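Comments concern the structure below.
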Amino acid sequence: TWADLERTHWIGDGKPDAPQIAYVFTDPNCPYCNQLWREARPLVQSGQLQLRHIMVAVLRPSSEGKAAAILKAPSPEKALASHAQAYANAHGKDPDSLGIAALTRIPLSARDALANNLSLMTAMGIRATPATIWKNAQGLVQTRTGMPPGLLESVMEKTGSK
C-alpha cells in the first residue's frame with residue numbers, strides 16, 4: 001500500500017525531509033480537505049510534516065477540472081496552496097466558484113493521473129475525502145477519513161511533535 005501511494009502523482013506540501021509524511025486523497029471541492037490543509041499549516045511550515053496530496057475528483061462536476069488545473073499548473077504546490085487559501089477565505093459561496101478555475105479541456109495526462117488516483121483510492125476501500133494515510137511509531141500504515149478530532153495529533157505521534 002505505501003509503495004502504491006509513493007508511485008501516485010502526488011503534490012508535496014512541506015519539506016521533503018520532514019520527519020513525518022502523510023498521503024492525503026484530496027478533492028478540490030472538499031471543505032474537510034481544506035480544513036485539513038489549514039489546520040496542518042503550523043506542522044507543515046515548521047518542517048515537521050509533509051502532506052502529499054493525491055488529487056481525486058469525486059464530489060462535484062467541477063472537481064475534475066479543478067484537480068486538473070492544479071496538477072497542470074506550472075507549480076502544482078503553489079496552485080494547491082493558492083486554491084486552498086481562496087477556498088478558506090470564501091465563506092458561504094457556491095463551492096464550484098471557490099478557489100482555482102476548473103479547466104474545461106482536461107489534458108489526457110491529468111485525466112489519466114486522476115483516474116489512477118481514484119482507482120487506488122477505491123482499491124484501498126476509501127470512499128471519502130480527505131483520506132489521510134501515514135505510518136505510526138511502529139511503522140504500521142494508518143488510515144483515517146474525514147477530519148475527526150485529534151487527526152493531526154495521531155499523525156504526529158511518531159515524531160513526538162503534537
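Ordered as shown in the C-alpha cells, chains take letters A, B, and onward, while each chain numbers its residues from 1 and ligands are numbered from 1 in the order shown.
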
Inset, instruction - Would you mind listing what lies within 12 Å of stretch 64-79 of chain A as an MDAnalysis selection string, with only C-alpha atoms counted and same-chain residues fewer than 6 positions away left out? - result: chainID A and resid 9:15 25:30 50:58 85:87 95:115 117:118

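Using only C-alpha atoms, the protein and nucleic acid residues lying no more than 12 Å from A:Glu39, apart from those fewer than 5 places from it along its own chain, are Tyr32, Cys33, Asn34, Val44, Gln45, Leu49, Leu51, Ala84, Gln85, Ala88, Met147, Pro149, Gly150, Leu151, Leu152 and Glu153 of chain A.
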
Dump as a CSV table (one decimal), in the first residue's frame, selection limited to N, CA and C atoms:
chain,number,residue,atom,x,y,z
A,32,TYR,N,-13.6,19.6,4.0
A,32,TYR,CA,-12.8,19.0,5.1
A,32,TYR,C,-11.3,18.8,4.6
A,33,CYS,N,-11.1,18.7,3.3
A,33,CYS,CA,-9.8,18.7,2.8
A,33,CYS,C,-9.1,20.0,3.0
A,34,ASN,N,-10.0,21.1,2.8
A,34,ASN,CA,-9.5,22.4,3.0
A,34,ASN,C,-9.2,22.7,4.5
A,44,VAL,N,3.3,21.8,8.9
A,44,VAL,CA,4.0,21.9,7.6
A,44,VAL,C,5.0,23.0,7.5
A,45,GLN,N,4.6,24.2,8.0
A,45,GLN,CA,5.6,25.3,7.9
A,45,GLN,C,6.8,25.2,8.8
A,49,LEU,N,6.1,18.1,9.1
A,49,LEU,CA,5.1,17.3,8.4
A,49,LEU,C,5.2,17.6,6.9
A,51,LEU,N,2.7,16.9,3.8
A,51,LEU,CA,1.5,16.3,3.2
A,51,LEU,C,1.7,16.0,1.7
A,84,ALA,N,-6.4,26.5,-1.9
A,84,ALA,CA,-6.8,26.3,-0.5
A,84,ALA,C,-7.0,27.6,0.2
A,85,GLN,N,-6.2,28.6,0.0
A,85,GLN,CA,-6.3,29.9,0.6
A,85,GLN,C,-7.6,30.6,0.1
A,88,ALA,N,-10.6,28.9,1.6
A,88,ALA,CA,-10.8,29.2,3.0
A,88,ALA,C,-11.3,30.6,3.3
A,147,MET,N,-12.2,14.5,8.9
A,147,MET,CA,-11.4,15.4,9.7
A,147,MET,C,-11.8,15.1,11.2
A,149,PRO,N,-11.7,14.6,15.2
A,149,PRO,CA,-10.9,15.3,16.3
A,149,PRO,C,-9.6,14.5,16.5
A,150,GLY,N,-8.5,15.2,16.7
A,150,GLY,CA,-7.2,14.5,17.0
A,150,GLY,C,-6.5,13.9,15.8
A,151,LEU,N,-6.9,14.2,14.6
A,151,LEU,CA,-6.3,13.5,13.4
A,151,LEU,C,-4.8,13.9,13.4
A,152,LEU,N,-4.5,15.2,13.4
A,152,LEU,CA,-3.1,15.6,13.2
A,152,LEU,C,-2.3,15.2,14.4
A,153,GLU,N,-2.8,15.1,15.6
A,153,GLU,CA,-2.1,14.6,16.7
A,153,GLU,C,-1.7,13.1,16.5

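Considering the residues A:Gly47, A:Pro31, A:Gly139, A:Pro16 and counting only C-alpha atoms, A:Leu59 has its shortest atom-to-atom contact with A:Pro31.
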
Inset, instruction - Please identify which residues in chain A DSSP calls helix (DSSP H, G or I) from the backbone, and express them as an NGL selection string. - result: :A and (2-6 or 31-39 or 41-45 or 63-72 or 76-88 or 95-97 or 108-123 or 151-156)

Inset, instruction - State, in Å with one decimal place, the distance from atom CA of A:Asp94 to atom CA of A:Arg60. - result: 11.2 Å

Inset, instruction - Apply DSSP to the backbone of this structure and, from stretch 25-110 of chain A, keep only the residues in strand (DSSP E or B); write these as a ChimeraX atom specification. - result: /A:25-26,49-55

Write out, as a PDB file, in the first residue's frame, the residues just selected, with all heavy atoms.
ATOM      1  N   PHE A  25      -5.741  11.768   0.147  1.00  0.00           N
ATOM      2  CA  PHE A  25      -6.612  11.827  -1.020  1.00  0.00           C
ATOM      3  C   PHE A  25      -7.443  13.096  -0.869  1.00  0.00           C
ATOM      4  O   PHE A  25      -8.160  13.264   0.131  1.00  0.00           O
ATOM      5  CB  PHE A  25      -7.509  10.586  -1.106  1.00  0.00           C
ATOM      6  CG  PHE A  25      -6.775   9.361  -1.577  1.00  0.00           C
ATOM      7  CD1 PHE A  25      -6.352   8.398  -0.680  1.00  0.00           C
ATOM      8  CD2 PHE A  25      -6.492   9.189  -2.926  1.00  0.00           C
ATOM      9  CE1 PHE A  25      -5.674   7.265  -1.104  1.00  0.00           C
ATOM     10  CE2 PHE A  25      -5.809   8.056  -3.369  1.00  0.00           C
ATOM     11  CZ  PHE A  25      -5.395   7.096  -2.458  1.00  0.00           C
ATOM     12  N   THR A  26      -7.311  13.996  -1.843  1.00  0.00           N
ATOM     13  CA  THR A  26      -7.860  15.342  -1.744  1.00  0.00           C
ATOM     14  C   THR A  26      -8.722  15.666  -2.956  1.00  0.00           C
ATOM     15  O   THR A  26      -8.255  15.544  -4.091  1.00  0.00           O
ATOM     16  CB  THR A  26      -6.702  16.370  -1.677  1.00  0.00           C
ATOM     17  OG1 THR A  26      -5.868  16.060  -0.560  1.00  0.00           O
ATOM     18  CG2 THR A  26      -7.210  17.787  -1.550  1.00  0.00           C
ATOM     19  N   LEU A  49       6.082  18.104   9.124  1.00  0.00           N
ATOM     20  CA  LEU A  49       5.149  17.252   8.383  1.00  0.00           C
ATOM     21  C   LEU A  49       5.163  17.643   6.906  1.00  0.00           C
ATOM     22  O   LEU A  49       5.147  18.827   6.578  1.00  0.00           O
ATOM     23  CB  LEU A  49       3.725  17.439   8.938  1.00  0.00           C
ATOM     24  CG  LEU A  49       2.571  16.769   8.196  1.00  0.00           C
ATOM     25  CD1 LEU A  49       2.676  15.245   8.253  1.00  0.00           C
ATOM     26  CD2 LEU A  49       1.234  17.225   8.797  1.00  0.00           C
ATOM     27  N   GLN A  50       5.209  16.631   6.054  1.00  0.00           N
ATOM     28  CA  GLN A  50       4.951  16.859   4.641  1.00  0.00           C
ATOM     29  C   GLN A  50       3.672  16.123   4.290  1.00  0.00           C
ATOM     30  O   GLN A  50       3.551  14.914   4.528  1.00  0.00           O
ATOM     31  CB  GLN A  50       6.067  16.363   3.728  1.00  0.00           C
ATOM     32  CG  GLN A  50       5.754  16.705   2.265  1.00  0.00           C
ATOM     33  CD  GLN A  50       6.672  16.074   1.244  1.00  0.00           C
ATOM     34  OE1 GLN A  50       6.956  14.881   1.310  1.00  0.00           O
ATOM     35  NE2 GLN A  50       7.124  16.871   0.289  1.00  0.00           N
ATOM     36  N   LEU A  51       2.697  16.864   3.764  1.00  0.00           N
ATOM     37  CA  LEU A  51       1.488  16.263   3.224  1.00  0.00           C
ATOM     38  C   LEU A  51       1.722  16.029   1.742  1.00  0.00           C
ATOM     39  O   LEU A  51       2.250  16.897   1.041  1.00  0.00           O
ATOM     40  CB  LEU A  51       0.283  17.189   3.412  1.00  0.00           C
ATOM     41  CG  LEU A  51      -0.137  17.463   4.847  1.00  0.00           C
ATOM     42  CD1 LEU A  51      -1.283  18.469   4.874  1.00  0.00           C
ATOM     43  CD2 LEU A  51      -0.540  16.179   5.558  1.00  0.00           C
ATOM     44  N   ARG A  52       1.347  14.865   1.282  1.00  0.00           N
ATOM     45  CA  ARG A  52       1.450  14.535  -0.134  1.00  0.00           C
ATOM     46  C   ARG A  52       0.032  14.346  -0.657  1.00  0.00           C
ATOM     47  O   ARG A  52      -0.581  13.309  -0.425  1.00  0.00           O
ATOM     48  CB  ARG A  52       2.303  13.288  -0.338  1.00  0.00           C
ATOM     49  CG  ARG A  52       3.747  13.529   0.072  1.00  0.00           C
ATOM     50  CD  ARG A  52       4.610  12.309  -0.117  1.00  0.00           C
ATOM     51  NE  ARG A  52       6.005  12.634   0.177  1.00  0.00           N
ATOM     52  CZ  ARG A  52       6.983  11.745   0.121  1.00  0.00           C
ATOM     53  NH1 ARG A  52       6.732  10.484  -0.209  1.00  0.00           N
ATOM     54  NH2 ARG A  52       8.219  12.119   0.404  1.00  0.00           N
ATOM     55  N   HIS A  53      -0.467  15.375  -1.310  1.00  0.00           N
ATOM     56  CA  HIS A  53      -1.852  15.382  -1.775  1.00  0.00           C
ATOM     57  C   HIS A  53      -2.001  14.577  -3.055  1.00  0.00           C
ATOM     58  O   HIS A  53      -1.336  14.850  -4.050  1.00  0.00           O
ATOM     59  CB  HIS A  53      -2.326  16.820  -2.004  1.00  0.00           C
ATOM     60  CG  HIS A  53      -2.415  17.608  -0.749  1.00  0.00           C
ATOM     61  ND1 HIS A  53      -3.536  17.603   0.052  1.00  0.00           N
ATOM     62  CD2 HIS A  53      -1.505  18.413  -0.131  1.00  0.00           C
ATOM     63  CE1 HIS A  53      -3.319  18.376   1.098  1.00  0.00           C
ATOM     64  NE2 HIS A  53      -2.097  18.879   1.013  1.00  0.00           N
ATOM     65  N   ILE A  54      -2.866  13.591  -2.997  1.00  0.00           N
ATOM     66  CA  ILE A  54      -3.209  12.759  -4.148  1.00  0.00           C
ATOM     67  C   ILE A  54      -4.569  13.265  -4.612  1.00  0.00           C
ATOM     68  O   ILE A  54      -5.590  13.007  -3.973  1.00  0.00           O
ATOM     69  CB  ILE A  54      -3.256  11.269  -3.759  1.00  0.00           C
ATOM     70  CG1 ILE A  54      -1.917  10.822  -3.172  1.00  0.00           C
ATOM     71  CG2 ILE A  54      -3.653  10.424  -4.963  1.00  0.00           C
ATOM     72  CD1 ILE A  54      -1.944   9.438  -2.545  1.00  0.00           C
ATOM     73  N   MET A  55      -4.559  14.008  -5.702  1.00  0.00           N
ATOM     74  CA  MET A  55      -5.783  14.649  -6.171  1.00  0.00           C
ATOM     75  C   MET A  55      -6.750  13.620  -6.763  1.00  0.00           C
ATOM     76  O   MET A  55      -6.348  12.741  -7.529  1.00  0.00           O
ATOM     77  CB  MET A  55      -5.460  15.726  -7.217  1.00  0.00           C
ATOM     78  CG  MET A  55      -4.526  16.831  -6.723  1.00  0.00           C
ATOM     79  SD  MET A  55      -5.084  17.708  -5.238  1.00  0.00           S
ATOM     80  CE  MET A  55      -6.580  18.492  -5.827  1.00  0.00           C
TER      81      MET A  55
END

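Here atom CA of A:Ala128 stands at a distance of 25.7 Å from atom CA of A:Gln48.
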
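Residue nearest A:Ala131, chosen from A:His83, A:Arg144, A:Arg41, A:Lys93 and counting only C-alpha atoms: A:Arg144.
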
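Among the candidates A:Ala90, A:Ala22, A:Met124, A:Leu43, the one nearest to A:Asp4 when counting only C-alpha atoms is A:Met124.
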
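You can rank A:Arg7, A:Leu80, A:Val155, A:Gln35 by their closest distance to A:Pro130 using only C-alpha atoms, and at the top of that list sits A:Gln35.
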